[in-house]
>>> print(open('data-v2.txt').read())   # compact mmCIF, C-alpha atoms and all ligand atoms
# COMPACT_ATOMS: atom_id res chain seq x y z
CA MET A 1 -18.16 78.03 41.18
CA ALA A 2 -18.23 81.77 42.01
CA GLU A 3 -15.31 83.79 40.74
CA CYS A 4 -12.70 84.28 43.49
CA ASN A 5 -11.70 87.79 44.41
CA GLU A 6 -10.44 89.51 47.53
CA SER A 7 -13.88 90.62 48.72
CA THR A 8 -15.43 87.16 48.41
CA SER A 9 -15.16 84.59 51.14
CA CYS A 10 -16.62 81.10 51.23
CA SER A 11 -18.74 81.94 54.27
CA THR A 12 -20.44 84.92 52.55
CA CYS A 13 -20.55 83.52 49.03
CA GLY A 14 -24.12 82.95 47.84
CA SER A 15 -23.24 79.80 45.92
CA GLU A 16 -21.21 78.18 48.69
CA GLY A 17 -23.60 75.24 49.01
CA SER A 18 -23.15 74.32 45.36
CA CYS A 19 -19.36 73.93 45.58
CA SER A 20 -17.71 70.54 46.00
CA VAL A 21 -15.04 70.15 48.69
CA ASP A 22 -12.35 70.34 45.99
CA GLU A 23 -13.84 73.48 44.49
CA LYS A 24 -14.10 75.06 47.91
CA GLN A 25 -10.46 74.29 48.66
CA LYS A 26 -9.43 75.67 45.27
CA HIS A 27 -11.47 78.79 45.94
CA GLU A 28 -9.87 79.27 49.39
CA GLN A 29 -6.41 78.88 47.89
CA GLU A 30 -7.21 81.42 45.15
CA LEU A 31 -8.26 83.92 47.83
CA ILE A 32 -5.01 83.25 49.67
CA ASP A 33 -2.95 83.61 46.48
CA ASN A 34 -4.70 86.93 45.76
CA LYS A 35 -3.82 88.18 49.23
CA LEU A 36 -0.20 87.10 48.80
CA LYS A 37 0.16 89.21 45.65
CA THR A 38 0.69 92.29 47.82
CA ILE A 39 3.40 90.63 49.93
CA LYS A 40 6.85 90.72 48.34
CA HIS A 41 8.88 88.39 50.55
CA ARG A 42 7.77 85.55 52.85
CA ILE A 43 10.23 84.04 55.29
CA ALA A 44 9.71 81.44 58.02
CA VAL A 45 11.81 81.40 61.18
CA MET A 46 12.29 77.89 62.57
CA SER A 47 14.39 75.91 65.03
CA GLY A 48 15.03 72.26 65.83
CA LYS A 49 13.97 72.72 69.44
CA GLY A 50 12.52 75.28 71.82
CA GLY A 51 14.41 77.74 73.97
CA VAL A 52 17.12 78.64 71.45
CA GLY A 53 15.75 82.16 70.97
CA LYS A 54 13.75 81.59 67.77
CA THR A 55 10.98 84.06 68.72
CA THR A 56 13.54 86.58 69.97
CA VAL A 57 15.29 86.38 66.60
CA ALA A 58 12.01 86.55 64.63
CA VAL A 59 10.90 89.65 66.59
CA ASN A 60 14.23 91.48 66.41
CA LEU A 61 14.84 90.70 62.73
CA SER A 62 11.32 91.95 61.94
CA VAL A 63 11.79 95.15 63.95
CA THR A 64 15.20 95.71 62.32
CA LEU A 65 13.56 95.47 58.88
CA ALA A 66 10.79 97.86 59.98
CA LYS A 67 13.38 100.31 61.36
CA GLN A 68 14.68 100.62 57.80
CA GLY A 69 11.25 101.86 56.73
CA LEU A 70 10.20 98.56 55.15
CA ARG A 71 6.60 97.38 55.56
CA VAL A 72 6.71 94.28 57.71
CA GLY A 73 4.15 91.76 58.91
CA LEU A 74 4.94 89.25 61.67
CA MET A 75 2.70 86.19 61.72
CA ASP A 76 3.05 84.22 64.94
CA VAL A 77 1.98 80.65 64.17
CA ASP A 78 3.41 79.19 67.36
CA ILE A 79 -0.16 78.27 68.24
CA HIS A 80 0.63 76.46 71.51
CA GLY A 81 3.17 78.99 72.75
CA PRO A 82 2.52 82.37 71.11
CA ASN A 83 5.14 84.66 72.68
CA VAL A 84 5.51 87.33 70.01
CA PRO A 85 2.90 89.70 71.56
CA LYS A 86 4.52 89.42 75.02
CA MET A 87 7.93 90.31 73.56
CA LEU A 88 6.39 93.36 71.86
CA GLY A 89 4.38 94.44 74.93
CA ILE A 90 1.06 94.11 73.06
CA GLU A 91 -0.31 90.93 74.64
CA SER A 92 -3.47 92.59 75.95
CA LYS A 93 -4.61 93.51 72.41
CA LYS A 94 -7.39 91.64 70.63
CA LEU A 95 -7.90 91.14 66.92
CA GLU A 96 -10.95 92.94 65.58
CA GLY A 97 -12.84 92.92 62.33
CA SER A 98 -12.77 96.00 60.15
CA GLU A 99 -15.95 97.63 58.81
CA ALA A 100 -14.69 97.14 55.27
CA GLY A 101 -14.27 93.41 55.94
CA GLY A 102 -11.39 91.24 57.09
CA ILE A 103 -9.45 91.30 60.34
CA ASN A 104 -7.17 94.18 61.25
CA PRO A 105 -3.71 93.07 62.42
CA ILE A 106 -2.29 94.75 65.52
CA GLU A 107 -0.03 97.67 64.57
CA PHE A 108 3.10 97.78 66.70
CA LEU A 109 4.48 100.50 64.43
CA PRO A 110 2.65 102.07 61.47
CA ASN A 111 4.77 99.90 59.16
CA PHE A 112 4.88 96.82 61.41
CA LYS A 113 1.80 94.63 61.82
CA VAL A 114 1.36 91.51 63.92
CA VAL A 115 -1.08 88.61 64.21
CA SER A 116 -0.90 85.88 66.81
CA MET A 117 -3.03 83.23 68.44
CA ALA A 118 -2.42 85.16 71.67
CA PHE A 119 -4.71 87.93 70.39
CA LEU A 120 -7.57 85.41 70.19
CA LEU A 121 -7.24 83.74 73.60
CA GLN A 122 -9.68 84.62 76.38
CA ASP A 123 -7.52 83.04 79.08
CA LYS A 124 -3.78 82.96 78.42
CA ASP A 125 -3.22 80.34 81.13
CA LEU A 126 -5.36 77.72 79.39
CA PRO A 127 -3.51 75.44 76.96
CA VAL A 128 -4.58 75.37 73.32
CA VAL A 129 -5.54 71.77 72.50
CA TRP A 130 -5.89 71.74 68.74
CA ARG A 131 -5.31 69.10 66.10
CA GLY A 132 -3.69 69.70 62.72
CA PRO A 133 -6.78 70.59 60.64
CA LEU A 134 -7.80 73.40 63.03
CA LYS A 135 -4.28 74.80 63.00
CA HIS A 136 -4.26 74.60 59.21
CA SER A 137 -7.45 76.60 58.96
CA LEU A 138 -6.14 79.24 61.42
CA ILE A 139 -3.02 79.64 59.26
CA GLN A 140 -5.23 80.02 56.17
CA GLN A 141 -7.24 82.71 57.98
CA PHE A 142 -4.11 84.51 59.14
CA VAL A 143 -3.20 84.98 55.48
CA LYS A 144 -6.57 85.27 53.76
CA ASP A 145 -8.68 87.24 56.24
CA VAL A 146 -6.08 89.60 57.70
CA ASN A 147 -5.82 93.08 56.20
CA TRP A 148 -2.06 93.01 55.73
CA GLY A 149 -2.04 95.59 52.94
CA GLU A 150 1.16 95.98 50.95
CA LEU A 151 4.11 94.33 52.71
CA ASP A 152 7.80 94.11 51.85
CA TYR A 153 8.30 91.21 54.27
CA LEU A 154 6.03 88.72 55.97
CA ILE A 155 8.01 86.97 58.71
CA ILE A 156 6.45 83.79 60.06
CA ASP A 157 7.42 82.62 63.54
CA LEU A 158 6.97 78.84 63.50
CA PRO A 159 6.87 76.62 66.58
CA PRO A 160 10.03 74.58 67.23
CA GLY A 161 10.40 71.21 65.56
CA THR A 162 8.80 69.51 62.62
CA GLY A 163 5.08 69.47 63.38
CA ASP A 164 1.85 70.48 61.65
CA GLU A 165 2.39 74.24 61.49
CA PRO A 166 5.43 74.32 59.15
CA LEU A 167 3.71 71.81 56.89
CA SER A 168 0.60 73.99 56.72
CA VAL A 169 2.60 77.17 56.17
CA ALA A 170 4.49 75.57 53.27
CA GLN A 171 1.20 74.34 51.80
CA VAL A 172 -0.78 77.57 52.25
CA ILE A 173 1.88 80.15 51.38
CA ASN A 174 3.11 79.53 47.87
CA ASP A 175 6.38 80.92 46.68
CA MET A 176 8.06 81.27 50.08
CA ASP A 177 11.47 82.94 49.89
CA GLY A 178 12.74 80.44 52.43
CA SER A 179 13.52 79.70 56.04
CA ILE A 180 15.86 81.13 58.66
CA ILE A 181 17.07 78.48 61.09
CA VAL A 182 17.93 79.54 64.62
CA THR A 183 20.34 77.44 66.64
CA THR A 184 22.74 77.70 69.58
CA PRO A 185 26.54 77.47 69.43
CA GLN A 186 27.15 74.05 71.03
CA ASP A 187 28.19 71.05 68.93
CA VAL A 188 24.73 69.53 69.37
CA ALA A 189 23.53 72.48 67.32
CA LEU A 190 24.81 70.63 64.28
CA LEU A 191 22.40 67.80 64.98
CA ASP A 192 19.44 70.16 65.43
CA SER A 193 20.38 72.28 62.45
CA ARG A 194 20.77 69.26 60.19
CA LYS A 195 17.19 68.22 61.02
CA SER A 196 15.86 71.72 60.38
CA VAL A 197 17.77 72.07 57.10
CA THR A 198 16.56 68.66 55.88
CA PHE A 199 13.00 69.48 56.95
CA SER A 200 13.14 72.84 55.22
CA ARG A 201 14.37 71.20 52.04
CA GLN A 202 11.62 68.56 52.27
CA LEU A 203 9.12 71.43 52.40
CA LYS A 204 10.84 72.96 49.33
CA LEU A 205 11.83 76.02 51.37
CA PRO A 206 15.23 77.37 50.38
CA VAL A 207 17.40 77.87 53.47
CA VAL A 208 18.09 81.62 53.74
CA GLY A 209 20.62 80.82 56.44
CA ILE A 210 21.46 79.79 59.99
CA VAL A 211 21.56 82.26 62.89
CA GLU A 212 23.77 81.25 65.81
CA ASN A 213 22.02 82.72 68.84
CA MET A 214 23.36 82.95 72.42
CA SER A 215 26.85 82.99 70.98
CA GLY A 216 29.18 84.22 73.73
CA LEU A 217 28.10 86.33 76.71
CA ILE A 218 28.57 90.08 76.67
CA CYS A 219 29.80 90.98 80.16
CA PRO A 220 27.46 93.67 81.52
CA HIS A 221 30.41 95.24 83.39
CA CYS A 222 33.21 95.41 80.86
CA GLY A 223 31.37 94.73 77.58
CA GLU A 224 33.80 91.95 76.61
CA ALA A 225 32.56 88.62 75.17
CA ILE A 226 32.82 85.45 77.30
CA ASP A 227 32.45 82.07 75.49
CA LEU A 228 29.85 80.70 77.88
CA PHE A 229 28.43 77.91 75.68
CA LYS A 230 31.35 77.86 73.20
CA ILE A 231 30.92 79.61 69.90
CA GLY A 232 30.90 78.48 66.31
CA GLY A 233 28.47 75.51 66.27
CA GLY A 234 25.98 77.31 64.04
CA GLU A 235 28.67 78.49 61.67
CA LYS A 236 30.15 74.98 61.49
CA ALA A 237 26.67 73.59 60.84
CA ALA A 238 26.11 76.10 58.03
CA ARG A 239 29.44 75.17 56.44
CA GLU A 240 28.84 71.44 56.68
CA LEU A 241 25.27 71.67 55.47
CA GLY A 242 26.15 74.02 52.60
CA VAL A 243 23.81 76.85 53.62
CA PRO A 244 24.53 80.55 54.30
CA PHE A 245 25.58 81.67 57.78
CA LEU A 246 23.73 84.80 58.89
CA GLY A 247 25.85 85.54 61.95
CA ARG A 248 26.18 85.24 65.70
CA ILE A 249 23.90 86.98 68.19
CA PRO A 250 25.67 87.18 71.56
CA ILE A 251 23.99 86.44 74.89
CA ASP A 252 23.06 89.80 76.30
CA PRO A 253 21.23 89.96 79.65
CA GLU A 254 19.41 93.04 78.34
CA ILE A 255 17.70 90.82 75.73
CA VAL A 256 16.04 88.84 78.54
CA GLN A 257 15.04 92.03 80.37
CA ASP A 258 13.63 93.61 77.22
CA SER A 259 11.75 90.47 76.16
CA ASP A 260 10.17 90.24 79.60
CA ARG A 261 9.12 93.88 79.68
CA GLY A 262 7.86 93.79 76.08
CA ALA A 263 10.34 96.17 74.48
CA PRO A 264 12.11 94.96 71.35
CA PHE A 265 15.81 94.90 72.13
CA VAL A 266 16.94 96.39 68.80
CA LEU A 267 14.86 99.51 69.52
CA SER A 268 15.98 99.99 73.11
CA HIS A 269 19.66 99.05 72.54
CA PRO A 270 20.37 100.07 68.95
CA ASP A 271 24.13 100.46 69.51
CA SER A 272 24.72 97.12 71.25
CA LYS A 273 26.77 94.31 69.71
CA ALA A 274 23.66 92.13 69.51
CA ALA A 275 21.63 94.82 67.68
CA LYS A 276 24.50 95.21 65.21
CA ALA A 277 24.53 91.44 64.71
CA PHE A 278 20.77 91.52 64.00
CA LYS A 279 21.37 94.28 61.44
CA GLU A 280 24.12 92.27 59.73
CA ALA A 281 21.85 89.21 59.62
CA VAL A 282 19.06 91.33 58.08
CA ASP A 283 21.48 92.68 55.45
CA LYS A 284 22.37 89.11 54.48
CA VAL A 285 18.71 88.11 54.34
CA GLN A 286 17.97 91.02 52.02
CA VAL A 287 20.86 90.12 49.73
CA PHE A 288 19.72 86.48 49.68
CA VAL A 289 16.09 87.17 48.78
CA GLU A 290 16.98 89.75 46.13
CA ALA A 291 19.63 87.48 44.60
CA ALA A 292 17.08 84.65 44.50
CA LYS A 293 14.80 86.97 42.52
CA GLY A 294 17.69 87.89 40.21
CA ASN A 295 18.27 91.37 41.67
CA SER A 296 21.64 92.90 42.57
CA PRO A 297 22.78 93.66 46.16
CA GLN A 298 22.33 97.37 45.30
CA GLN A 299 18.66 96.74 44.59
CA ALA A 300 18.45 94.84 47.88
CA ALA A 301 19.72 97.90 49.71
CA GLN A 302 17.11 100.20 48.11
P1 LIG B 1 12.31 80.02 71.55
O1 LIG B 1 11.39 80.83 70.68
O2 LIG B 1 13.38 79.34 70.76
O3 LIG B 1 11.61 79.06 72.47
P2 LIG B 1 12.72 82.50 72.97
O4 LIG B 1 12.92 83.46 71.87
O5 LIG B 1 11.38 82.46 73.64
O6 LIG B 1 13.10 81.03 72.50
O7 LIG B 1 13.87 82.76 74.03
C1 LIG B 1 13.99 82.02 75.23
C2 LIG B 1 14.60 82.90 76.30
O8 LIG B 1 15.95 83.22 75.96
C3 LIG B 1 13.90 84.23 76.47
O9 LIG B 1 13.88 84.57 77.84
C4 LIG B 1 14.76 85.22 75.72
O10 LIG B 1 14.71 86.53 76.26
C5 LIG B 1 16.14 84.62 75.95
N1 LIG B 1 17.10 84.93 74.85
C6 LIG B 1 16.98 84.64 73.57
N2 LIG B 1 18.06 85.04 72.87
C7 LIG B 1 18.90 85.61 73.77
C8 LIG B 1 20.18 86.21 73.70
N3 LIG B 1 20.84 86.33 72.55
N4 LIG B 1 20.73 86.70 74.86
C9 LIG B 1 20.07 86.59 76.04
N5 LIG B 1 18.87 86.01 76.17
C10 LIG B 1 18.28 85.52 75.06
>>> encode(input="data-v2.txt", output="structure tokens", more="lines below")
Ligand code: ADP
Amino acid sequence: MAECNESTSCSTCGSEGSCSVDEKQKHEQELIDNKLKTIKHRIAVMSGKGGVGKTTVAVNLSVTLAKQGLRVGLMDVDIHGPNVPKMLGIESKKLEGSEAGGINPIEFLPNFKVVSMAFLLQDKDLPVVWRGPLKHSLIQQFVKDVNWGELDYLIIDLPPGTGDEPLSVAQVINDMDGSIIVTTPQDVALLDSRKSVTFSRQLKLPVVGIVENMSGLICPHCGEAIDLFKIGGGEKAARELGVPFLGRIPIDPEIVQDSDRGAPFVLSHPDSKAAKAFKEAVDKVQVFVEAAKGNSPQQAAQ
């Protein structure tokens, strides 16, 4: 078998035909592992069901990290409903190969790079009808063939639920730091969160914590919080499930407006309660991942 290095790919390797399926898979995984060496932290964002604001949280946590000067990659593996590009206002972009090889991710900021299925679709109105193996190979390509460069954080936006994509991500990306679980504040959140926590543990992903999104409405007139859907379900779930609680993101009508017009909320409303809540969640994430690697909170802040 040819020696694996970053510039070799199975499709261009002269001895490809002589490799067994097992050798080829091993080779692919070695290429992926090489690529991952330049990515310090890998975190998946998941939810038990759709519509709880998982993508909103993934986008705003990623932008909050990038605002601190960290090098961030956001990998949108919600293959059937890739909304990350729309929320960042970059949905008309297309992924292109670089002359030096590999695929260039889309740069939203110089230190914030994005890949998504949406950048590959010719017609965004047509549904993607793909089975597991195709999705698995796309996820492999999103790691192996994308020119991520050095990253402090790779955030992975998973589709809701417990389907193929999280399984593939856990298989392809070794040494994940863990998962962030997004839920809503109602009591049923406990049910959804329990499933996500159990699933995450089955995948051997440590749970970085639960984010309670849409927690109280910020009145656009007086700025006070109204408990529209109750509050506290996510926090209660975290307590009962024995995982960290990363905080509450209030409902803010500006989040909807910003998502629809493709402007990340934490950039356009940096002083809002919700942006502060995103920042607090990011601080906790940083402390968690550094502590897991045996570093102090001071090192996390550096
Ligand atoms: P999911 O990824 O879980 O399906 P999305 O992130 O696409 O959910 O969010 C669904 C809708 O809810 C979007 O219109 C988004 O703008 C809105 N949304 C998400 N979080 C909030 C929030 N905290 N306040 C107001 N609207 C929100």
>>> closest_residue(input="data-v2.txt", among="A:Val115, A:Val256, A:Ala44, A:Ala189", to="Thr56 in chain A", atoms="all atoms listed in the file")
A:Val256
>>> closest_atom_pairs(input="data-v2.txt", of="chain A", to="ligand LIG 1 (chain B)", cutoff="8 Å", atoms="only C-alpha atoms and all ligand atoms", output="JSON lines")
{"residue": "A:Ser47", "atom": "CA", "partner": "B:LIG1", "partner_atom": "O2", "distance": 6.8}
{"residue": "A:Lys49", "atom": "CA", "partner": "B:LIG1", "partner_atom": "O2", "distance": 6.8}
{"residue": "A:Gly50", "atom": "CA", "partner": "B:LIG1", "partner_atom": "O3", "distance": 3.9}
{"residue": "A:Gly51", "atom": "CA", "partner": "B:LIG1", "partner_atom": "O3", "distance": 3.4}
{"residue": "A:Val52", "atom": "CA", "partner": "B:LIG1", "partner_atom": "O2", "distance": 3.9}
{"residue": "A:Gly53", "atom": "CA", "partner": "B:LIG1", "partner_atom": "O4", "distance": 3.2}
{"residue": "A:Lys54", "atom": "CA", "partner": "B:LIG1", "partner_atom": "O2", "distance": 3.8}
{"residue": "A:Thr55", "atom": "CA", "partner": "B:LIG1", "partner_atom": "O4", "distance": 3.7}
{"residue": "A:Thr56", "atom": "CA", "partner": "B:LIG1", "partner_atom": "O4", "distance": 3.7}
{"residue": "A:Val57", "atom": "CA", "partner": "B:LIG1", "partner_atom": "O4", "distance": 6.5}
{"residue": "A:Ala58", "atom": "CA", "partner": "B:LIG1", "partner_atom": "O4", "distance": 7.9}
{"residue": "A:Asn83", "atom": "CA", "partner": "B:LIG1", "partner_atom": "O5", "distance": 6.7}
{"residue": "A:Pro159", "atom": "CA", "partner": "B:LIG1", "partner_atom": "O1", "distance": 7.4}
{"residue": "A:Pro160", "atom": "CA", "partner": "B:LIG1", "partner_atom": "O2", "distance": 6.8}
{"residue": "A:Val182", "atom": "CA", "partner": "B:LIG1", "partner_atom": "O2", "distance": 7.6}
{"residue": "A:Asn213", "atom": "CA", "partner": "B:LIG1", "partner_atom": "N3", "distance": 5.3}
{"residue": "A:Met214", "atom": "CA", "partner": "B:LIG1", "partner_atom": "N3", "distance": 4.2}
{"residue": "A:Ser215", "atom": "CA", "partner": "B:LIG1", "partner_atom": "N3", "distance": 7.1}
{"residue": "A:Leu217", "atom": "CA", "partner": "B:LIG1", "partner_atom": "N4", "distance": 7.6}
{"residue": "A:Ile249", "atom": "CA", "partner": "B:LIG1", "partner_atom": "N3", "distance": 5.4}
{"residue": "A:Pro250", "atom": "CA", "partner": "B:LIG1", "partner_atom": "N3", "distance": 5.0}
{"residue": "A:Ile251", "atom": "CA", "partner": "B:LIG1", "partner_atom": "N4", "distance": 3.3}
{"residue": "A:Asp252", "atom": "CA", "partner": "B:LIG1", "partner_atom": "N4", "distance": 4.1}
{"residue": "A:Pro253", "atom": "CA", "partner": "B:LIG1", "partner_atom": "C9", "distance": 5.1}
{"residue": "A:Glu254", "atom": "CA", "partner": "B:LIG1", "partner_atom": "C9", "distance": 6.9}
{"residue": "A:Ile255", "atom": "CA", "partner": "B:LIG1", "partner_atom": "C9", "distance": 4.9}
{"residue": "A:Val256", "atom": "CA", "partner": "B:LIG1", "partner_atom": "O10", "distance": 3.5}
{"residue": "A:Gln257", "atom": "CA", "partner": "B:LIG1", "partner_atom": "O10", "distance": 6.9}
{"residue": "A:Asp258", "atom": "CA", "partner": "B:LIG1", "partner_atom": "O10", "distance": 7.2}
{"residue": "A:Ser259", "atom": "CA", "partner": "B:LIG1", "partner_atom": "O10", "distance": 4.9}
{"residue": "A:Asp260", "atom": "CA", "partner": "B:LIG1", "partner_atom": "O10", "distance": 6.7}
{"residue": "A:Ala274", "atom": "CA", "partner": "B:LIG1", "partner_atom": "N3", "distance": 7.1}
>>> residues_around(input="data-v2.txt", residues="range 198-204 of chain A", least_positions_apart="6", cutoff="8 Å", atoms="all atoms listed in the file", output="ChimeraX atom specification")
/A:162,167,170,179
>>> residues_near_point(input="data-v2.txt", point="(31.0, 76.6, 70.6)", cutoff="7 Å", atoms="all atoms listed in the file", output="PyMOL selection string")
chain A and resi 185-187+229-233
>>> atom_distance(input="data-v2.txt", atom1="CA of Val172 in chain A", atom2="CA of Asn111 in chain A")
24.0 Å
>>> axis_aligned_box(input="data-v2.txt", around="range 237-241 of chain A", padding_each_side="4 Å", output="AutoDock Vina command-line options")
--center_x 27.4 --center_y 73.8 --center_z 58.2 --size_x 12.2 --size_y 12.7 --size_z 13.4
>>> closest_atom_pairs(input="data-v2.txt", of="range 184-234 of chain A", to="range 277-292 of chain A", cutoff="10 Å", atoms="all atoms listed in the file", output="Markdown table")
| residue | atom | partner | partner_atom | distance |
| --- | --- | --- | --- | --- |
| A:Pro206 | CA | A:Ala292 | CA | 9.5 |
| A:Val207 | CA | A:Phe288 | CA | 9.7 |
| A:Val208 | CA | A:Phe288 | CA | 6.5 |
| A:Gly209 | CA | A:Val285 | CA | 7.8 |
| A:Ile210 | CA | A:Ala281 | CA | 9.4 |
| A:Val211 | CA | A:Ala281 | CA | 7.7 |
| A:Asn213 | CA | A:Ala277 | CA | 10.0 |
>>> atom_distance(input="data-v2.txt", atom1="CA of Glu212 in chain A", atom2="CA of Ala225 in chain A")
14.8 Å
>>> atom_distance(input="data-v2.txt", atom1="CA of Val59 in chain A", atom2="CA of Lys195 in chain A")
23.0 Å
>>> residues_around(input="data-v2.txt", residues="range 133-139 of chain A", least_positions_apart="5", cutoff="7 Å", atoms="all atoms listed in the file", output="PyMOL selection string")
chain A and resi 165+168-169
>>> closest_residue(input="data-v2.txt", among="A:Glu91, A:Glu30, A:Gly102, A:Gly97", to="Gln122 in chain A", atoms="only C-alpha atoms")
A:Glu91
>>> closest_residue(input="data-v2.txt", among="A:Leu31, A:Val197, A:Leu36, A:Leu61", to="Asp175 in chain A", atoms="only C-alpha atoms")
A:Leu36
>>> closest_atom_pairs(input="data-v2.txt", of="range 86-129 of chain A", to="range 140-153 of chain A", cutoff="7 Å", atoms="all atoms listed in the file", output="CSV")
residue,atom,partner,partner_atom,distance
A:Gly102,CA,A:Asp145,CA,4.9
A:Ile103,CA,A:Val146,CA,4.6
A:Asn104,CA,A:Asn147,CA,5.3
A:Pro105,CA,A:Val146,CA,6.3
>>> residues_near_point(input="data-v2.txt", point="(7.4, 102.4, 58.8)", cutoff="8 Å", atoms="only C-alpha atoms", output="number ranges by chain")
A: 66-71, 109-112
>>> write_last_selection(input="data-v2.txt", atoms="C-alpha atoms", output="compact mmCIF listing (two decimals), keeping the file's coordinate frame")
# COMPACT_ATOMS: atom_id res chain seq x y z
CA ALA A 66 10.79 97.86 59.98
CA LYS A 67 13.38 100.31 61.36
CA GLN A 68 14.68 100.62 57.80
CA GLY A 69 11.25 101.86 56.73
CA LEU A 70 10.20 98.56 55.15
CA ARG A 71 6.60 97.38 55.56
CA LEU A 109 4.48 100.50 64.43
CA PRO A 110 2.65 102.07 61.47
CA ASN A 111 4.77 99.90 59.16
CA PHE A 112 4.88 96.82 61.41
>>> build_atoms(input="data-v2.txt", residues="range 78-84 of chain A", atoms="all heavy atoms", output="PDB file, in the coordinates of the input")
ATOM      1  N   ASP A  78       3.097  80.083  66.238  1.00  0.00           N
ATOM      2  CA  ASP A  78       3.410  79.190  67.360  1.00  0.00           C
ATOM      3  C   ASP A  78       2.122  79.122  68.189  1.00  0.00           C
ATOM      4  O   ASP A  78       1.935  79.868  69.158  1.00  0.00           O
ATOM      5  CB  ASP A  78       4.591  79.771  68.161  1.00  0.00           C
ATOM      6  CG  ASP A  78       5.167  78.740  69.113  1.00  0.00           C
ATOM      7  OD1 ASP A  78       4.440  77.777  69.431  1.00  0.00           O
ATOM      8  OD2 ASP A  78       6.324  78.896  69.540  1.00  0.00           O
ATOM      9  N   ILE A  79       1.216  78.263  67.718  1.00  0.00           N
ATOM     10  CA  ILE A  79      -0.160  78.270  68.240  1.00  0.00           C
ATOM     11  C   ILE A  79      -0.225  77.850  69.707  1.00  0.00           C
ATOM     12  O   ILE A  79      -1.011  78.380  70.488  1.00  0.00           O
ATOM     13  CB  ILE A  79      -1.047  77.383  67.334  1.00  0.00           C
ATOM     14  CG1 ILE A  79      -1.164  78.075  65.965  1.00  0.00           C
ATOM     15  CG2 ILE A  79      -2.427  77.132  67.945  1.00  0.00           C
ATOM     16  CD1 ILE A  79      -1.721  77.217  64.857  1.00  0.00           C
ATOM     17  N   HIS A  80       0.656  76.927  70.107  1.00  0.00           N
ATOM     18  CA  HIS A  80       0.630  76.460  71.510  1.00  0.00           C
ATOM     19  C   HIS A  80       1.442  77.348  72.451  1.00  0.00           C
ATOM     20  O   HIS A  80       1.274  77.277  73.651  1.00  0.00           O
ATOM     21  CB  HIS A  80       1.144  75.024  71.582  1.00  0.00           C
ATOM     22  CG  HIS A  80       0.316  74.075  70.777  1.00  0.00           C
ATOM     23  ND1 HIS A  80      -0.900  73.599  71.213  1.00  0.00           N
ATOM     24  CD2 HIS A  80       0.522  73.541  69.554  1.00  0.00           C
ATOM     25  CE1 HIS A  80      -1.408  72.794  70.277  1.00  0.00           C
ATOM     26  NE2 HIS A  80      -0.564  72.747  69.270  1.00  0.00           N
ATOM     27  N   GLY A  81       2.350  78.120  71.890  1.00  0.00           N
ATOM     28  CA  GLY A  81       3.170  78.990  72.750  1.00  0.00           C
ATOM     29  C   GLY A  81       3.430  80.322  72.085  1.00  0.00           C
ATOM     30  O   GLY A  81       4.568  80.654  71.756  1.00  0.00           O
ATOM     31  N   PRO A  82       2.355  81.116  71.861  1.00  0.00           N
ATOM     32  CA  PRO A  82       2.520  82.370  71.110  1.00  0.00           C
ATOM     33  C   PRO A  82       3.146  83.482  71.961  1.00  0.00           C
ATOM     34  O   PRO A  82       2.448  84.139  72.726  1.00  0.00           O
ATOM     35  CB  PRO A  82       1.081  82.725  70.711  1.00  0.00           C
ATOM     36  CG  PRO A  82       0.222  82.097  71.763  1.00  0.00           C
ATOM     37  CD  PRO A  82       0.963  80.916  72.337  1.00  0.00           C
ATOM     38  N   ASN A  83       4.448  83.694  71.825  1.00  0.00           N
ATOM     39  CA  ASN A  83       5.140  84.660  72.680  1.00  0.00           C
ATOM     40  C   ASN A  83       5.457  85.985  72.014  1.00  0.00           C
ATOM     41  O   ASN A  83       5.964  86.903  72.660  1.00  0.00           O
ATOM     42  CB  ASN A  83       6.468  84.049  73.178  1.00  0.00           C
ATOM     43  CG  ASN A  83       6.230  82.970  74.207  1.00  0.00           C
ATOM     44  OD1 ASN A  83       5.200  82.976  74.892  1.00  0.00           O
ATOM     45  ND2 ASN A  83       7.139  82.027  74.319  1.00  0.00           N
ATOM     46  N   VAL A  84       5.177  86.087  70.712  1.00  0.00           N
ATOM     47  CA  VAL A  84       5.510  87.330  70.010  1.00  0.00           C
ATOM     48  C   VAL A  84       4.853  88.550  70.673  1.00  0.00           C
ATOM     49  O   VAL A  84       5.540  89.545  70.974  1.00  0.00           O
ATOM     50  CB  VAL A  84       5.117  87.233  68.504  1.00  0.00           C
ATOM     51  CG1 VAL A  84       5.114  88.604  67.845  1.00  0.00           C
ATOM     52  CG2 VAL A  84       6.057  86.286  67.766  1.00  0.00           C
TER      53      VAL A  84
END
